[in-house]
Structures are given as structure tokens and as C-alpha cells.
Amino acid sequence: MTQEAFQPIGATVNFTGATSAPTAVQPNPSNVVNTNFRFVNTGAVTVFLGTGTTAALAGTAASATTGIPLVAGSATVMSFPAGTFFTGITASSTAVVYVTQGQGLL
């Protein structure tokens with residue numbers, strides 16, 4: 001089985017994770033039903049990622065107990081349905097997270 005390098009499918013969006021979740025972002029939806037998203041946390045603190053089919057649901061899902069941890073200074077690729085909204089919170093301080101829709105792995 002071969003693994004392809006990550007290939008972007010559109011523009012990168014970002015949000016600044018803080019102690020309360022900012023407005024969720026949604027990368028440009030593609031015609032791909034399930035796609036990969038590359039997340040890069042450029043901050044010095046962990047961001048707890050919230051996802052959802054709406055901005056409100058993503059905001060609710062962003063918590064230290066239910067969110068997906070994006071470790072400080074890390075990059076990772078995860079799969080979500082096209083059109084997913086993303087946001088995140090931190091325990092303290094802020095951290096910018098970049099989100100790019102695409103195909104392949106890191």
C-alpha cells in the first residue's frame with residue numbers, strides 16, 4: 001500500500017485558539033465527500049479542536065475534555081467530511097491554527 005504526500009485542495013484558513021472558542025472556520029468545501037485536513041498549531045500551547053457540521057456545533061465541541069488536542073508546534077492530518085467547521089480553545093494564552101483541506105498524508 002502506498003501513501004501519497006499531502007496535496008492541498010484550496011486555500012488555507014486559520015483561527016486563533018483562545019480560552020474561549022473563536023468563530024469557527026470552514027475551508028472551501030470541495031466535491032470530495034470525505035477529505036483530509038492538515039492542521040498546523042503554530043502556538044506555544046495545546047489547542048483543543050472542536051469540529052461540527054455548523055459553526056455553533058464546532059464551538060460547543062471545543063473543550064479540554066471533548067476536543068481533539070493539537071499539541072503546540074505540531075502538524076497533523078486528519079479526515080473529516082467536506083464542509084466541516086473547525087475552532088479550538090486553549091487552557092491559557094492564544095495559538096494560531098492553520099487548516100488546509102487536501103488529500104494524502106503529512
# chains A, B, ... in the order shown; residues from 1 in each chain; ligands from 1

$ residues_around --residues "Gln26 (chain A)" --least-positions-apart "2" --cutoff "7 Å" --atoms "only C-alpha atoms" --output "VMD selection string"
chain A and resid 24 28 83 to 86

$ write_last_selection --atoms "C-alpha atoms" --output "short mmCIF file (atom, residue, chain, number, x, y, z; two decimals), in the first residue's frame"
data_model
loop_
_atom_site.label_atom_id
_atom_site.label_comp_id
_atom_site.auth_asym_id
_atom_site.auth_seq_id
_atom_site.Cartn_x
_atom_site.Cartn_y
_atom_site.Cartn_z
CA ALA A 24 -15.34 28.59 13.60
CA ASN A 28 -13.63 25.88 0.98
CA GLY A 83 -17.74 21.24 4.74
CA THR A 84 -16.75 20.65 8.37
CA PHE A 85 -16.30 23.70 10.62
CA PHE A 86 -13.27 23.99 12.96
#

$ residues_around --residues "Leu57 (chain A)" --least-positions-apart "5" --cutoff "12 Å" --atoms "only C-alpha atoms" --output "list in words"
Ala21, Thr23, Ala24, Val25, Leu49, Gly50, Thr51, Gly52, Ala62, Ser63, Gly67, Thr84, Phe85, Phe86, Thr87 and Gly88 of chain A

$ write_last_selection --atoms "N, CA and C atoms" --output "mmCIF file, in the first residue's frame"
data_model
loop_
_atom_site.group_PDB
_atom_site.id
_atom_site.type_symbol
_atom_site.label_atom_id
_atom_site.label_comp_id
_atom_site.auth_asym_id
_atom_site.auth_seq_id
_atom_site.Cartn_x
_atom_site.Cartn_y
_atom_site.Cartn_z
ATOM 1 N N ALA A 21 -13.682 29.816 22.657
ATOM 2 C CA ALA A 21 -13.563 29.468 21.242
ATOM 3 C C ALA A 21 -13.932 30.634 20.335
ATOM 4 N N THR A 23 -14.917 32.299 16.511
ATOM 5 C CA THR A 23 -15.820 31.873 15.453
ATOM 6 C C THR A 23 -15.156 30.784 14.620
ATOM 7 N N ALA A 24 -15.889 29.725 14.347
ATOM 8 C CA ALA A 24 -15.342 28.593 13.602
ATOM 9 C C ALA A 24 -15.062 28.976 12.149
ATOM 10 N N VAL A 25 -14.070 28.310 11.575
ATOM 11 C CA VAL A 25 -13.725 28.497 10.170
ATOM 12 C C VAL A 25 -14.130 27.251 9.393
ATOM 13 N N LEU A 49 -9.248 21.066 19.614
ATOM 14 C CA LEU A 49 -10.009 21.278 18.391
ATOM 15 C C LEU A 49 -11.449 20.837 18.552
ATOM 16 N N GLY A 50 -12.368 21.708 18.142
ATOM 17 C CA GLY A 50 -13.779 21.369 18.069
ATOM 18 C C GLY A 50 -14.201 21.329 16.617
ATOM 19 N N THR A 51 -15.005 20.328 16.250
ATOM 20 C CA THR A 51 -15.475 20.195 14.874
ATOM 21 C C THR A 51 -16.984 20.047 14.873
ATOM 22 N N GLY A 52 -17.601 20.400 13.751
ATOM 23 C CA GLY A 52 -19.045 20.230 13.658
ATOM 24 C C GLY A 52 -19.557 20.558 12.277
ATOM 25 N N ALA A 62 -15.519 22.311 21.158
ATOM 26 C CA ALA A 62 -14.168 22.747 21.532
ATOM 27 C C ALA A 62 -14.064 22.851 23.046
ATOM 28 N N SER A 63 -13.530 21.818 23.663
ATOM 29 C CA SER A 63 -13.317 21.849 25.107
ATOM 30 C C SER A 63 -12.138 20.954 25.453
ATOM 31 N N GLY A 67 -12.505 18.001 23.094
ATOM 32 C CA GLY A 67 -11.803 18.429 21.887
ATOM 33 C C GLY A 67 -10.623 17.527 21.565
ATOM 34 N N THR A 84 -16.833 20.609 6.913
ATOM 35 C CA THR A 84 -16.748 20.651 8.373
ATOM 36 C C THR A 84 -16.245 22.011 8.843
ATOM 37 N N PHE A 85 -16.761 22.472 9.974
ATOM 38 C CA PHE A 85 -16.297 23.701 10.619
ATOM 39 C C PHE A 85 -15.304 23.337 11.720
ATOM 40 N N PHE A 86 -14.318 24.232 11.956
ATOM 41 C CA PHE A 86 -13.275 23.985 12.957
ATOM 42 C C PHE A 86 -13.046 25.220 13.814
ATOM 43 N N THR A 87 -12.819 24.998 15.103
ATOM 44 C CA THR A 87 -12.398 26.046 16.024
ATOM 45 C C THR A 87 -11.671 25.365 17.178
ATOM 46 N N GLY A 88 -11.171 26.129 18.128
ATOM 47 C CA GLY A 88 -10.472 25.498 19.241
ATOM 48 C C GLY A 88 -10.260 26.435 20.410
#

$ select_by_dssp --residues "chain A" --states "alpha helix (DSSP H)" --output "PyMOL selection string"
chain A and resi 55-61

$ residues_around --residues "Ala64 (chain A)" --least-positions-apart "6" --cutoff "9 Å" --atoms "only C-alpha atoms" --output "MDAnalysis selection string"
chainID A and resid 47:49 89:91

$ closest_residue --among "A:Ala11, A:Ala5, A:Ala56, A:Ala72" --to "Thr100 (chain A)" --atoms "only C-alpha atoms"
A:Ala11

$ atom_distance --atom1 "CA of Val13 (chain A)" --atom2 "CA of Thr65 (chain A)"
24.8 Å

$ residues_around --residues "Ser74 (chain A)" --least-positions-apart "4" --cutoff "12 Å" --atoms "only C-alpha atoms" --output "tab-separated table (two decimals) with N, CA and C atoms, in the first residue's frame"
chain	number	residue	atom	x	y	z
A	38	ARG	N	-5.14	19.26	6.96
A	38	ARG	CA	-3.85	19.42	7.64
A	38	ARG	C	-4.00	20.56	8.64
A	39	PHE	N	-3.65	20.28	9.89
A	39	PHE	CA	-3.72	21.26	10.98
A	39	PHE	C	-2.31	21.57	11.43
A	40	VAL	N	-1.97	22.85	11.50
A	40	VAL	CA	-0.67	23.28	12.00
A	40	VAL	C	-0.92	24.24	13.15
A	41	ASN	N	-0.48	23.85	14.35
A	41	ASN	CA	-0.59	24.69	15.54
A	41	ASN	C	0.73	25.41	15.70
A	42	THR	N	0.74	26.71	15.40
A	42	THR	CA	1.98	27.48	15.46
A	42	THR	C	2.24	28.07	16.84
A	43	GLY	N	1.33	27.85	17.77
A	43	GLY	CA	1.45	28.44	19.10
A	43	GLY	C	2.33	27.65	20.04
A	44	ALA	N	2.48	28.19	21.25
A	44	ALA	CA	3.29	27.56	22.29
A	44	ALA	C	2.43	26.79	23.29
A	45	VAL	N	1.11	26.69	23.02
A	45	VAL	CA	0.20	25.96	23.90
A	45	VAL	C	-0.65	24.99	23.07
A	46	THR	N	-1.16	23.96	23.72
A	46	THR	CA	-2.05	23.00	23.07
A	46	THR	C	-3.40	23.65	22.77
A	47	VAL	N	-3.94	23.35	21.60
A	47	VAL	CA	-5.29	23.79	21.22
A	47	VAL	C	-6.18	22.56	21.19
A	69	PRO	N	-6.80	17.22	20.94
A	69	PRO	CA	-5.64	18.05	21.25
A	69	PRO	C	-4.69	18.19	20.05
A	70	LEU	N	-4.37	19.44	19.74
A	70	LEU	CA	-3.34	19.76	18.75
A	70	LEU	C	-2.16	20.31	19.55
A	95	ALA	N	-3.13	30.66	20.38
A	95	ALA	CA	-2.32	29.92	19.40
A	95	ALA	C	-3.04	29.96	18.06
A	96	VAL	N	-2.31	30.30	17.01
A	96	VAL	CA	-2.87	30.29	15.66
A	96	VAL	C	-2.81	28.88	15.11
A	97	VAL	N	-3.95	28.42	14.56
A	97	VAL	CA	-4.03	27.11	13.93
A	97	VAL	C	-4.41	27.32	12.47
A	98	TYR	N	-3.60	26.75	11.57
A	98	TYR	CA	-3.87	26.80	10.13
A	98	TYR	C	-4.53	25.49	9.72
A	106	LEU	N	0.66	13.56	5.80
A	106	LEU	CA	1.67	14.56	6.13
A	106	LEU	C	3.01	14.23	5.51

$ residues_around --residues "Thr35 (chain A)" --least-positions-apart "6" --cutoff "9 Å" --atoms "only C-alpha atoms" --output "ChimeraX atom specification"
/A:78-82,101-104

$ write_last_selection --atoms "N, CA and C atoms" --output "short mmCIF file (atom, residue, chain, number, x, y, z; two decimals), in the first residue's frame"
data_model
loop_
_atom_site.label_atom_id
_atom_site.label_comp_id
_atom_site.auth_asym_id
_atom_site.auth_seq_id
_atom_site.Cartn_x
_atom_site.Cartn_y
_atom_site.Cartn_z
N MET A 78 -5.85 14.86 9.55
CA MET A 78 -6.99 14.05 9.98
C MET A 78 -8.08 14.12 8.92
N SER A 79 -8.95 13.12 8.90
CA SER A 79 -10.04 13.05 7.93
C SER A 79 -11.36 13.50 8.55
N PHE A 80 -12.07 14.33 7.81
CA PHE A 80 -13.41 14.79 8.19
C PHE A 80 -14.22 14.95 6.92
N PRO A 81 -15.54 14.98 7.01
CA PRO A 81 -16.36 15.24 5.83
C PRO A 81 -16.08 16.65 5.28
N ALA A 82 -16.16 16.80 3.97
CA ALA A 82 -16.02 18.13 3.37
C ALA A 82 -17.10 19.03 3.97
N GLN A 101 -7.48 22.01 3.53
CA GLN A 101 -8.16 20.84 3.02
C GLN A 101 -7.31 20.22 1.91
N GLY A 102 -7.27 18.89 1.85
CA GLY A 102 -6.50 18.25 0.81
C GLY A 102 -6.64 16.74 0.83
N GLN A 103 -5.72 16.09 0.15
CA GLN A 103 -5.69 14.63 0.10
C GLN A 103 -4.28 14.16 0.38
N GLY A 104 -4.14 12.97 0.93
CA GLY A 104 -2.83 12.41 1.25
C GLY A 104 -2.49 12.61 2.71
#

$ select_by_dssp --residues "chain A" --states "strand (DSSP E)" --output "JSON, numbers by chain"
{"A": [7, 8, 9, 10, 11, 12, 13, 14, 15, 16, 17, 34, 35, 36, 37, 38, 39, 40, 41, 47, 48, 49, 50, 51, 52, 68, 69, 70, 75, 76, 77, 78, 79, 80, 81, 85, 86, 87, 88, 89, 95, 96, 97, 98, 99, 100, 101, 102, 103]}

$ write_last_selection --atoms "N, CA and C atoms" --output "short mmCIF file (atom, residue, chain, number, x, y, z; two decimals), in the first residue's frame"
data_model
loop_
_atom_site.label_atom_id
_atom_site.label_comp_id
_atom_site.auth_asym_id
_atom_site.auth_seq_id
_atom_site.Cartn_x
_atom_site.Cartn_y
_atom_site.Cartn_z
N GLN A 7 -1.56 16.81 -0.51
CA GLN A 7 -1.76 17.75 -1.61
C GLN A 7 -2.93 18.66 -1.27
N PRO A 8 -2.71 19.97 -1.15
CA PRO A 8 -3.81 20.89 -0.83
C PRO A 8 -4.86 20.93 -1.94
N ILE A 9 -6.11 21.18 -1.54
CA ILE A 9 -7.22 21.35 -2.49
C ILE A 9 -7.86 22.71 -2.22
N GLY A 10 -7.18 23.76 -2.22
CA GLY A 10 -7.80 25.05 -1.97
C GLY A 10 -7.03 25.87 -0.96
N ALA A 11 -7.63 26.97 -0.58
CA ALA A 11 -6.98 27.94 0.29
C ALA A 11 -6.87 27.44 1.73
N THR A 12 -5.86 27.91 2.41
CA THR A 12 -5.68 27.65 3.84
C THR A 12 -6.45 28.71 4.62
N VAL A 13 -7.13 28.29 5.68
CA VAL A 13 -7.82 29.22 6.59
C VAL A 13 -7.17 29.08 7.96
N ASN A 14 -7.45 30.02 8.86
CA ASN A 14 -6.88 29.91 10.20
C ASN A 14 -7.83 30.49 11.24
N PHE A 15 -7.59 30.09 12.48
CA PHE A 15 -8.29 30.67 13.62
C PHE A 15 -7.27 30.80 14.75
N THR A 16 -7.56 31.69 15.67
CA THR A 16 -6.70 31.86 16.84
C THR A 16 -7.40 31.27 18.04
N GLY A 17 -6.90 30.10 18.46
CA GLY A 17 -7.46 29.46 19.65
C GLY A 17 -7.17 30.30 20.88
N ASN A 34 -15.38 12.74 1.68
CA ASN A 34 -14.51 12.68 2.84
C ASN A 34 -13.12 13.10 2.40
N THR A 35 -12.52 13.96 3.15
CA THR A 35 -11.24 14.51 2.74
C THR A 35 -10.34 14.66 3.95
N ASN A 36 -9.10 14.91 3.70
CA ASN A 36 -8.15 15.13 4.79
C ASN A 36 -7.97 16.62 5.02
N PHE A 37 -7.63 16.95 6.24
CA PHE A 37 -7.33 18.33 6.61
C PHE A 37 -6.01 18.34 7.34
N ARG A 38 -5.14 19.26 6.96
CA ARG A 38 -3.85 19.42 7.64
C ARG A 38 -4.00 20.56 8.64
N PHE A 39 -3.65 20.28 9.89
CA PHE A 39 -3.72 21.26 10.98
C PHE A 39 -2.31 21.57 11.43
N VAL A 40 -1.97 22.85 11.50
CA VAL A 40 -0.67 23.28 12.00
C VAL A 40 -0.92 24.24 13.15
N ASN A 41 -0.48 23.85 14.35
CA ASN A 41 -0.59 24.69 15.54
C ASN A 41 0.73 25.41 15.70
N VAL A 47 -3.94 23.35 21.60
CA VAL A 47 -5.29 23.79 21.22
C VAL A 47 -6.18 22.56 21.19
N PHE A 48 -7.36 22.67 21.80
CA PHE A 48 -8.33 21.58 21.79
C PHE A 48 -9.34 21.87 20.68
N LEU A 49 -9.25 21.07 19.61
CA LEU A 49 -10.01 21.28 18.39
C LEU A 49 -11.45 20.84 18.55
N GLY A 50 -12.37 21.71 18.14
CA GLY A 50 -13.78 21.37 18.07
C GLY A 50 -14.20 21.33 16.62
N THR A 51 -15.00 20.33 16.25
CA THR A 51 -15.48 20.19 14.87
C THR A 51 -16.98 20.05 14.87
N GLY A 52 -17.60 20.40 13.75
CA GLY A 52 -19.04 20.23 13.66
C GLY A 52 -19.56 20.56 12.28
N ILE A 68 -10.17 17.61 20.33
CA ILE A 68 -9.01 16.85 19.87
C ILE A 68 -7.77 17.70 20.13
N PRO A 69 -6.80 17.22 20.94
CA PRO A 69 -5.64 18.05 21.25
C PRO A 69 -4.69 18.19 20.05
N LEU A 70 -4.37 19.44 19.74
CA LEU A 70 -3.34 19.76 18.75
C LEU A 70 -2.16 20.31 19.55
N ALA A 75 2.11 19.58 13.54
CA ALA A 75 1.33 19.49 12.30
C ALA A 75 0.79 18.07 12.22
N THR A 76 -0.48 17.93 11.85
CA THR A 76 -1.09 16.62 11.74
C THR A 76 -2.16 16.65 10.64
N VAL A 77 -2.47 15.48 10.11
CA VAL A 77 -3.52 15.35 9.10
C VAL A 77 -4.59 14.42 9.65
N MET A 78 -5.85 14.86 9.55
CA MET A 78 -6.99 14.05 9.98
C MET A 78 -8.08 14.12 8.92
N SER A 79 -8.95 13.12 8.90
CA SER A 79 -10.04 13.05 7.93
C SER A 79 -11.36 13.50 8.55
N PHE A 80 -12.07 14.33 7.81
CA PHE A 80 -13.41 14.79 8.19
C PHE A 80 -14.22 14.95 6.92
N PRO A 81 -15.54 14.98 7.01
CA PRO A 81 -16.36 15.24 5.83
C PRO A 81 -16.08 16.65 5.28
N PHE A 85 -16.76 22.47 9.97
CA PHE A 85 -16.30 23.70 10.62
C PHE A 85 -15.30 23.34 11.72
N PHE A 86 -14.32 24.23 11.96
CA PHE A 86 -13.27 23.99 12.96
C PHE A 86 -13.05 25.22 13.81
N THR A 87 -12.82 25.00 15.10
CA THR A 87 -12.40 26.05 16.02
C THR A 87 -11.67 25.36 17.18
N GLY A 88 -11.17 26.13 18.13
CA GLY A 88 -10.47 25.50 19.24
C GLY A 88 -10.26 26.44 20.41
N ILE A 89 -10.01 25.82 21.56
CA ILE A 89 -9.72 26.59 22.77
C ILE A 89 -8.37 26.16 23.33
N ALA A 95 -3.13 30.66 20.38
CA ALA A 95 -2.32 29.92 19.40
C ALA A 95 -3.04 29.96 18.06
N VAL A 96 -2.31 30.30 17.01
CA VAL A 96 -2.87 30.29 15.66
C VAL A 96 -2.81 28.88 15.11
N VAL A 97 -3.95 28.42 14.56
CA VAL A 97 -4.03 27.11 13.93
C VAL A 97 -4.41 27.32 12.47
N TYR A 98 -3.60 26.75 11.57
CA TYR A 98 -3.87 26.80 10.13
C TYR A 98 -4.53 25.49 9.72
N VAL A 99 -5.55 25.59 8.85
CA VAL A 99 -6.30 24.43 8.39
C VAL A 99 -6.31 24.44 6.87
N THR A 100 -5.84 23.34 6.28
CA THR A 100 -5.81 23.21 4.83
C THR A 100 -6.50 21.92 4.42
N GLN A 101 -7.48 22.01 3.53
CA GLN A 101 -8.16 20.84 3.02
C GLN A 101 -7.31 20.22 1.91
N GLY A 102 -7.27 18.89 1.85
CA GLY A 102 -6.50 18.25 0.81
C GLY A 102 -6.64 16.74 0.83
N GLN A 103 -5.72 16.09 0.15
CA GLN A 103 -5.69 14.63 0.10
C GLN A 103 -4.28 14.16 0.38
#
